[in-house]
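> Could you have a look at this structure, given as structure tokens, before my questions?
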Amino acid sequence: MFKNLNPILHSQLRLAIVSLLISVKEAEFVFLKEKTNASAGNLSVQLNKLKEANYIEINKQFSNNYPQTLCRITQIGVAAFEEYVSALKSYTNN
Amino acid sequence: MENFSEQDSLRLITEMISKAKKSYITKGYASIMWGSIIVFCSLVTWAEIYFKFNAGDVWLLTIVAIIPQVYFGIKENKERGFTSYEGDTLSAVWLAFGISIFLLSYYFGTHKVDGDSQSVFMMLYAIPTFITGRVTKFKPMICGGIFCWVASFTSMFTNIQIDFFLMAGCGLFAWLIPGIMLYMRYKKSVQAHV
């Protein structure tokens, strides 16, 4: 039986962001941009979508007079990611 | 939904997790610095005993070295762009090690203790080195940690001159050589991204 894939995560950039955030405690916007090769605008939009779903938290602060955006995955995000991977397995095992 | 297959998803997840892991690369500056200091201080202390002269308390260098250590640590964290759970754990381990070394140095400096303090220090050097090696899966540090334990045990049966040679060996094998290897690995990864 195939499970439905979570539409929020089944998007290339959003999945890339969540996969990066699952591996670290907290990541800067610049780090995510560099690793995903996304444009700043597109990354910003996708981060907001993940934030609206409560999958990630975004903190904006200043570091040495420069704005810094820090992202971290939430417990809801971790659970959604685990469920997504489990759903993926049901596809690949069949 | 995007036109993006399940296989693509799995490939992307694996690729991103691997990218995040590979990003946790240290330049090895702290390791090189502490390794050099321990080797230098141990050999100077050995020379002081062997040639019977007084070079002052060279071990004070270890306190001075805390300043560049903090500087490198903050700089490296900023450059990395992320914080990791393993990095946080290791920072706590090394902080606990630093506090313990400081307290032990104070204790041995202010109390008359029978036996050599070098064995205890070398045993302590092994703990964070071995843990770091295991957590980061970096074999040279695992071997360095084991070397410190072996040196600590050996020093229980040797005279103070050999103890300081063993201590220099600890600085060399636990930190200096692994630090140089980390630096070379960092250089290689930078070149690979050019």
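For the structure tokens, the naming scheme is as follows: chains receive sequential letters (A, B, ...) according to their order of presentation, residues are indexed from 1 within each chain, and ligands are indexed from 1 in presentation order.
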Given only C-alpha atoms, how would the per-residue table for chain B near chain A read, listing every residue at most 8 Å away with its closest atom pair and distance in Å to one decimal, sorted by chain and number, as a Markdown table?


```
| residue | atom | partner | partner_atom | distance |
| --- | --- | --- | --- | --- |
| B:Met1 | CA | A:Pro7 | CA | 6.2 |
| B:Glu2 | CA | A:Ser11 | CA | 6.0 |
| B:Phe4 | CA | A:Gln12 | CA | 7.3 |
| B:Glu6 | CA | A:Leu88 | CA | 6.1 |
| B:Gln7 | CA | A:Thr92 | CA | 7.4 |
| B:Ser9 | CA | A:Gln12 | CA | 7.4 |
| B:Leu10 | CA | A:Leu88 | CA | 7.6 |
| B:Leu12 | CA | A:Ala16 | CA | 6.5 |
| B:Ile13 | CA | A:Ser19 | CA | 5.4 |
| B:Met16 | CA | A:Leu20 | CA | 5.5 |
| B:Ile17 | CA | A:Leu20 | CA | 5.7 |
| B:Lys19 | CA | A:Lys35 | CA | 7.1 |
| B:Ala20 | CA | A:Leu20 | CA | 6.0 |
| B:Lys21 | CA | A:Ser23 | CA | 7.4 |
| B:Arg80 | CA | A:Phe31 | CA | 7.8 |
| B:Gly81 | CA | A:Glu28 | CA | 5.3 |
| B:Phe82 | CA | A:Ala27 | CA | 4.0 |
| B:Thr83 | CA | A:Glu26 | CA | 5.3 |
| B:Ser84 | CA | A:Val24 | CA | 4.5 |
| B:Tyr85 | CA | A:Lys25 | CA | 5.5 |
```

> Keeping C-alpha atoms, export the residues of the selection given above as a PDB file, in the first residue's frame.


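File produced: part_4.pdb:
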```pdb
ATOM      1  CA  MET B   1       3.350  18.335  -6.603  1.00  0.00           C
ATOM      2  CA  GLU B   2       6.545  18.768  -8.546  1.00  0.00           C
ATOM      3  CA  PHE B   4      10.136  14.727  -8.858  1.00  0.00           C
ATOM      4  CA  GLU B   6      10.700   9.002  -5.118  1.00  0.00           C
ATOM      5  CA  GLN B   7      14.197   7.980  -6.201  1.00  0.00           C
ATOM      6  CA  SER B   9      13.793  12.413  -3.262  1.00  0.00           C
ATOM      7  CA  LEU B  10      15.940   9.734  -1.665  1.00  0.00           C
ATOM      8  CA  LEU B  12      18.419  14.440  -2.641  1.00  0.00           C
ATOM      9  CA  ILE B  13      18.049  13.553   1.055  1.00  0.00           C
ATOM     10  CA  MET B  16      22.049  16.976   1.511  1.00  0.00           C
ATOM     11  CA  ILE B  17      22.825  14.950   4.639  1.00  0.00           C
ATOM     12  CA  LYS B  19      26.831  17.809   2.300  1.00  0.00           C
ATOM     13  CA  ALA B  20      25.984  18.839   5.872  1.00  0.00           C
ATOM     14  CA  LYS B  21      28.328  16.200   7.292  1.00  0.00           C
ATOM     15  CA  ARG B  80      30.976  27.308   9.206  1.00  0.00           C
ATOM     16  CA  GLY B  81      27.491  28.838   9.056  1.00  0.00           C
ATOM     17  CA  PHE B  82      25.836  26.230  11.241  1.00  0.00           C
ATOM     18  CA  THR B  83      26.023  24.606  14.626  1.00  0.00           C
ATOM     19  CA  SER B  84      25.849  20.867  14.989  1.00  0.00           C
ATOM     20  CA  TYR B  85      24.834  18.649  17.884  1.00  0.00           C
TER      21      TYR B  85
END
```

> With only C-alpha atoms as the counted atoms, please give the residues lying no more than 12 Å from B:Arg134, apart from itself and same-chain residues fewer than 3 positions off, as a PDB file with C-alpha atoms, in the first residue's frame.


```
ATOM      1  CA  GLU B  86      28.165  16.824  17.777  1.00  0.00           C
ATOM      2  CA  LEU B  90      32.556  18.161  21.816  1.00  0.00           C
ATOM      3  CA  ALA B 126      43.420  10.859  26.499  1.00  0.00           C
ATOM      4  CA  ILE B 127      39.779  11.401  27.447  1.00  0.00           C
ATOM      5  CA  PRO B 128      38.692  14.333  25.197  1.00  0.00           C
ATOM      6  CA  THR B 129      41.063  13.212  22.427  1.00  0.00           C
ATOM      7  CA  PHE B 130      39.603   9.714  22.321  1.00  0.00           C
ATOM      8  CA  ILE B 131      36.005  10.995  22.526  1.00  0.00           C
ATOM      9  CA  LYS B 137      35.305   9.088  13.273  1.00  0.00           C
ATOM     10  CA  PHE B 138      38.822  10.471  12.976  1.00  0.00           C
ATOM     11  CA  LYS B 139      41.223   7.577  13.538  1.00  0.00           C
ATOM     12  CA  PRO B 140      44.422   9.616  14.178  1.00  0.00           C
ATOM     13  CA  MET B 141      42.751  11.123  17.260  1.00  0.00           C
ATOM     14  CA  ILE B 142      41.498   7.742  18.463  1.00  0.00           C
ATOM     15  CA  CYS B 143      45.084   6.458  18.176  1.00  0.00           C
ATOM     16  CA  GLY B 144      46.343   9.649  19.866  1.00  0.00           C
ATOM     17  CA  GLY B 145      43.978   9.081  22.786  1.00  0.00           C
ATOM     18  CA  ILE B 146      45.122   5.475  23.138  1.00  0.00           C
TER      19      ILE B 146
END
```

> Apply DSSP to the backbone of this structure and, from chain A, keep only the residues in strand (DSSP E); write these as a list in words.

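Selecting the strand (DSSP E) positions of chain A gives Glu26, Ala27, Glu28, Ile56, Glu57, Ile58, Asn59, Lys60, Gln61, Phe62, Ser63, Tyr66, Pro67, Gln68, Thr69, Leu70, Cys71, Arg72 and Ile73 of chain A.
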
> Output N, CA and C atoms of each residue in that selection to a file, as a JSON list (two decimals), in the first residue's frame.


```
[["chain", "number", "residue", "atom", "x", "y", "z"],
["A", 26, "GLU", "N", 21.39, 24.03, 13.99],
["A", 26, "GLU", "CA", 20.92, 25.34, 13.53],
["A", 26, "GLU", "C", 21.78, 25.74, 12.33],
["A", 27, "ALA", "N", 21.17, 26.36, 11.34],
["A", 27, "ALA", "CA", 21.97, 26.76, 10.17],
["A", 27, "ALA", "C", 21.63, 28.17, 9.73],
["A", 28, "GLU", "N", 22.62, 28.86, 9.21],
["A", 28, "GLU", "CA", 22.41, 30.21, 8.71],
["A", 28, "GLU", "C", 21.81, 30.16, 7.30],
["A", 56, "ILE", "N", 9.82, 24.48, 10.60],
["A", 56, "ILE", "CA", 11.09, 25.10, 11.00],
["A", 56, "ILE", "C", 10.81, 26.39, 11.79],
["A", 57, "GLU", "N", 11.85, 26.81, 12.51],
["A", 57, "GLU", "CA", 11.80, 28.10, 13.22],
["A", 57, "GLU", "C", 12.82, 29.00, 12.56],
["A", 58, "ILE", "N", 12.46, 30.27, 12.40],
["A", 58, "ILE", "CA", 13.42, 31.21, 11.82],
["A", 58, "ILE", "C", 13.66, 32.34, 12.82],
["A", 59, "ASN", "N", 14.93, 32.54, 13.12],
["A", 59, "ASN", "CA", 15.29, 33.65, 14.03],
["A", 59, "ASN", "C", 16.15, 34.64, 13.29],
["A", 60, "LYS", "N", 15.73, 35.90, 13.34],
["A", 60, "LYS", "CA", 16.53, 36.95, 12.69],
["A", 60, "LYS", "C", 17.21, 37.76, 13.77],
["A", 61, "GLN", "N", 18.51, 37.95, 13.60],
["A", 61, "GLN", "CA", 19.26, 38.71, 14.59],
["A", 61, "GLN", "C", 20.39, 39.47, 13.91],
["A", 62, "PHE", "N", 21.13, 40.21, 14.70],
["A", 62, "PHE", "CA", 22.29, 40.92, 14.15],
["A", 62, "PHE", "C", 23.56, 40.32, 14.73],
["A", 63, "SER", "N", 24.54, 40.11, 13.85],
["A", 63, "SER", "CA", 25.83, 39.61, 14.29],
["A", 63, "SER", "C", 26.89, 40.52, 13.67],
["A", 66, "TYR", "N", 25.68, 42.90, 11.10],
["A", 66, "TYR", "CA", 25.11, 42.33, 9.87],
["A", 66, "TYR", "C", 23.89, 41.49, 10.24],
["A", 67, "PRO", "N", 22.84, 41.57, 9.41],
["A", 67, "PRO", "CA", 21.67, 40.74, 9.73],
["A", 67, "PRO", "C", 22.00, 39.26, 9.53],
["A", 68, "GLN", "N", 21.48, 38.45, 10.42],
["A", 68, "GLN", "CA", 21.76, 37.01, 10.34],
["A", 68, "GLN", "C", 20.44, 36.26, 10.52],
["A", 69, "THR", "N", 20.18, 35.33, 9.61],
["A", 69, "THR", "CA", 18.95, 34.54, 9.71],
["A", 69, "THR", "C", 19.33, 33.11, 10.06],
["A", 70, "LEU", "N", 18.81, 32.67, 11.18],
["A", 70, "LEU", "CA", 19.12, 31.31, 11.64],
["A", 70, "LEU", "C", 17.88, 30.44, 11.56],
["A", 71, "CYS", "N", 18.06, 29.25, 10.99],
["A", 71, "CYS", "CA", 16.92, 28.34, 10.85],
["A", 71, "CYS", "C", 17.19, 27.05, 11.61],
["A", 72, "ARG", "N", 16.14, 26.55, 12.18],
["A", 72, "ARG", "CA", 16.28, 25.26, 12.88],
["A", 72, "ARG", "C", 14.99, 24.45, 12.72],
["A", 73, "ILE", "N", 15.12, 23.15, 12.63],
["A", 73, "ILE", "CA", 13.95, 22.29, 12.44],
["A", 73, "ILE", "C", 13.23, 22.12, 13.78]]
```

> Just how far from atom CA of A:Asn64 is atom CA of B:Ile32, in Å to one decimal?

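Value for the atom CA of B:Ile32-atom CA of A:Asn64 distance: 28.0 Å.
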
> Output as a PyMOL selection string all residues of stretch 56-122 of chain B that backbone DSSP marks as helix (DSSP H, G or I).

chain B and resi 58-64+66-80+85-110+118-122

> Pull C-alpha atoms from the residues just selected and write them as a compact mmCIF listing (two decimals), in the first residue's frame.


```txt
# COMPACT_ATOMS: atom_id res chain seq x y z
CA VAL B 58 56.95 27.60 30.54
CA TRP B 59 53.64 25.89 31.35
CA LEU B 60 52.12 29.38 31.76
CA LEU B 61 52.01 29.30 27.95
CA THR B 62 49.00 27.00 28.26
CA ILE B 63 47.07 29.81 29.97
CA VAL B 64 48.15 32.39 27.36
CA ILE B 66 43.45 30.18 25.79
CA ILE B 67 43.12 33.59 24.05
CA PRO B 68 43.89 32.36 20.48
CA GLN B 69 41.89 29.20 21.23
CA VAL B 70 38.75 31.27 21.96
CA TYR B 71 39.44 33.48 18.91
CA PHE B 72 39.87 30.49 16.54
CA GLY B 73 36.80 28.78 17.98
CA ILE B 74 34.51 31.79 17.46
CA LYS B 75 35.94 32.51 13.99
CA GLU B 76 35.56 28.91 12.84
CA ASN B 77 31.97 28.70 14.09
CA LYS B 78 31.07 31.88 12.22
CA GLU B 79 32.69 30.69 8.99
CA ARG B 80 30.98 27.31 9.21
CA TYR B 85 24.83 18.65 17.88
CA GLU B 86 28.17 16.82 17.78
CA GLY B 87 30.05 20.14 17.78
CA ASP B 88 28.13 21.25 20.86
CA THR B 89 28.85 17.96 22.62
CA LEU B 90 32.56 18.16 21.82
CA SER B 91 32.75 21.77 22.98
CA ALA B 92 31.30 20.66 26.32
CA VAL B 93 33.80 17.78 26.56
CA TRP B 94 36.79 20.08 25.86
CA LEU B 95 35.49 22.72 28.26
CA ALA B 96 35.19 20.08 30.99
CA PHE B 97 38.73 18.94 30.12
CA GLY B 98 40.07 22.51 30.32
CA ILE B 99 38.48 23.08 33.73
CA SER B 100 39.78 19.75 35.03
CA ILE B 101 43.31 20.45 33.78
CA PHE B 102 43.24 23.88 35.40
CA LEU B 103 42.06 22.46 38.75
CA LEU B 104 44.61 19.64 38.61
CA SER B 105 47.44 22.05 37.81
CA TYR B 106 46.37 24.20 40.75
CA TYR B 107 46.16 21.17 43.03
CA PHE B 108 49.59 19.79 42.06
CA GLY B 109 51.06 23.29 42.28
CA THR B 110 49.79 23.97 45.77
CA GLN B 118 52.50 13.55 34.60
CA SER B 119 50.67 10.19 34.62
CA VAL B 120 47.46 11.89 35.72
CA PHE B 121 47.78 14.65 33.11
CA MET B 122 48.43 12.18 30.30
```

> Could you list, as a ChimeraX atom specification, every residue within 9 Å of B:Trp175, counting only C-alpha atoms and ignoring same-chain residues fewer than 2 positions away?

/B:28,30-36,129,140-141,144,170-173,177-180

> May I have the selected residues written with C-alpha atoms, as a compact mmCIF listing (two decimals), in the first residue's frame?


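File written: result_21.txt
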```txt
# COMPACT_ATOMS: atom_id res chain seq x y z
CA GLY B 28 42.82 21.97 13.00
CA ALA B 30 43.53 24.56 17.91
CA SER B 31 44.88 21.04 17.71
CA ILE B 32 48.13 22.20 16.09
CA MET B 33 48.54 25.00 18.61
CA TRP B 34 47.93 22.83 21.70
CA GLY B 35 50.05 20.01 20.32
CA SER B 36 52.96 22.39 19.67
CA THR B 129 41.06 13.21 22.43
CA PRO B 140 44.42 9.62 14.18
CA MET B 141 42.75 11.12 17.26
CA GLY B 144 46.34 9.65 19.87
CA CYS B 170 51.22 12.79 23.78
CA GLY B 171 51.25 16.35 22.42
CA LEU B 172 52.70 15.07 19.15
CA PHE B 173 50.45 12.05 18.57
CA ILE B 177 49.95 15.28 13.99
CA PRO B 178 46.12 14.92 13.90
CA GLY B 179 45.90 18.73 13.73
CA ILE B 180 48.23 18.87 10.73
```

> Can you work out the spacing between atom CA of B:Thr45 and atom CA of B:Phe165 in Å, to one decimal?

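Atom-to-atom, atom CA of B:Thr45 to atom CA of B:Phe165, that is 9.5 Å.
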
> Determine the nearest neighbour of B:Gly133 from the options B:Leu182, B:Ile38, B:Leu43, B:Val190, counting only C-alpha atoms.

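Ranked by minimum distance to B:Gly133, first place goes to B:Leu182.
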
> Atom CA of B:Phe147 and atom CA of B:Thr132 are how many Å apart?

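Atom-to-atom, atom CA of B:Phe147 and atom CA of B:Thr132 are spaced 14.3 Å apart.
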
> List as a PyMOL selection string the protein and nucleic acid residues near A:Ala53, meaning an atom at most 10 Å away when only C-alpha atoms are counted, but skip any in the same chain fewer than 3 places from it.

chain A and resi 8+47-50+56+76-77

> Considering only C-alpha atoms, state which residue in the set B:Ile25, B:Val44, B:Leu176, B:Leu124 is at the smallest distance from B:Phe164.

B:Val44
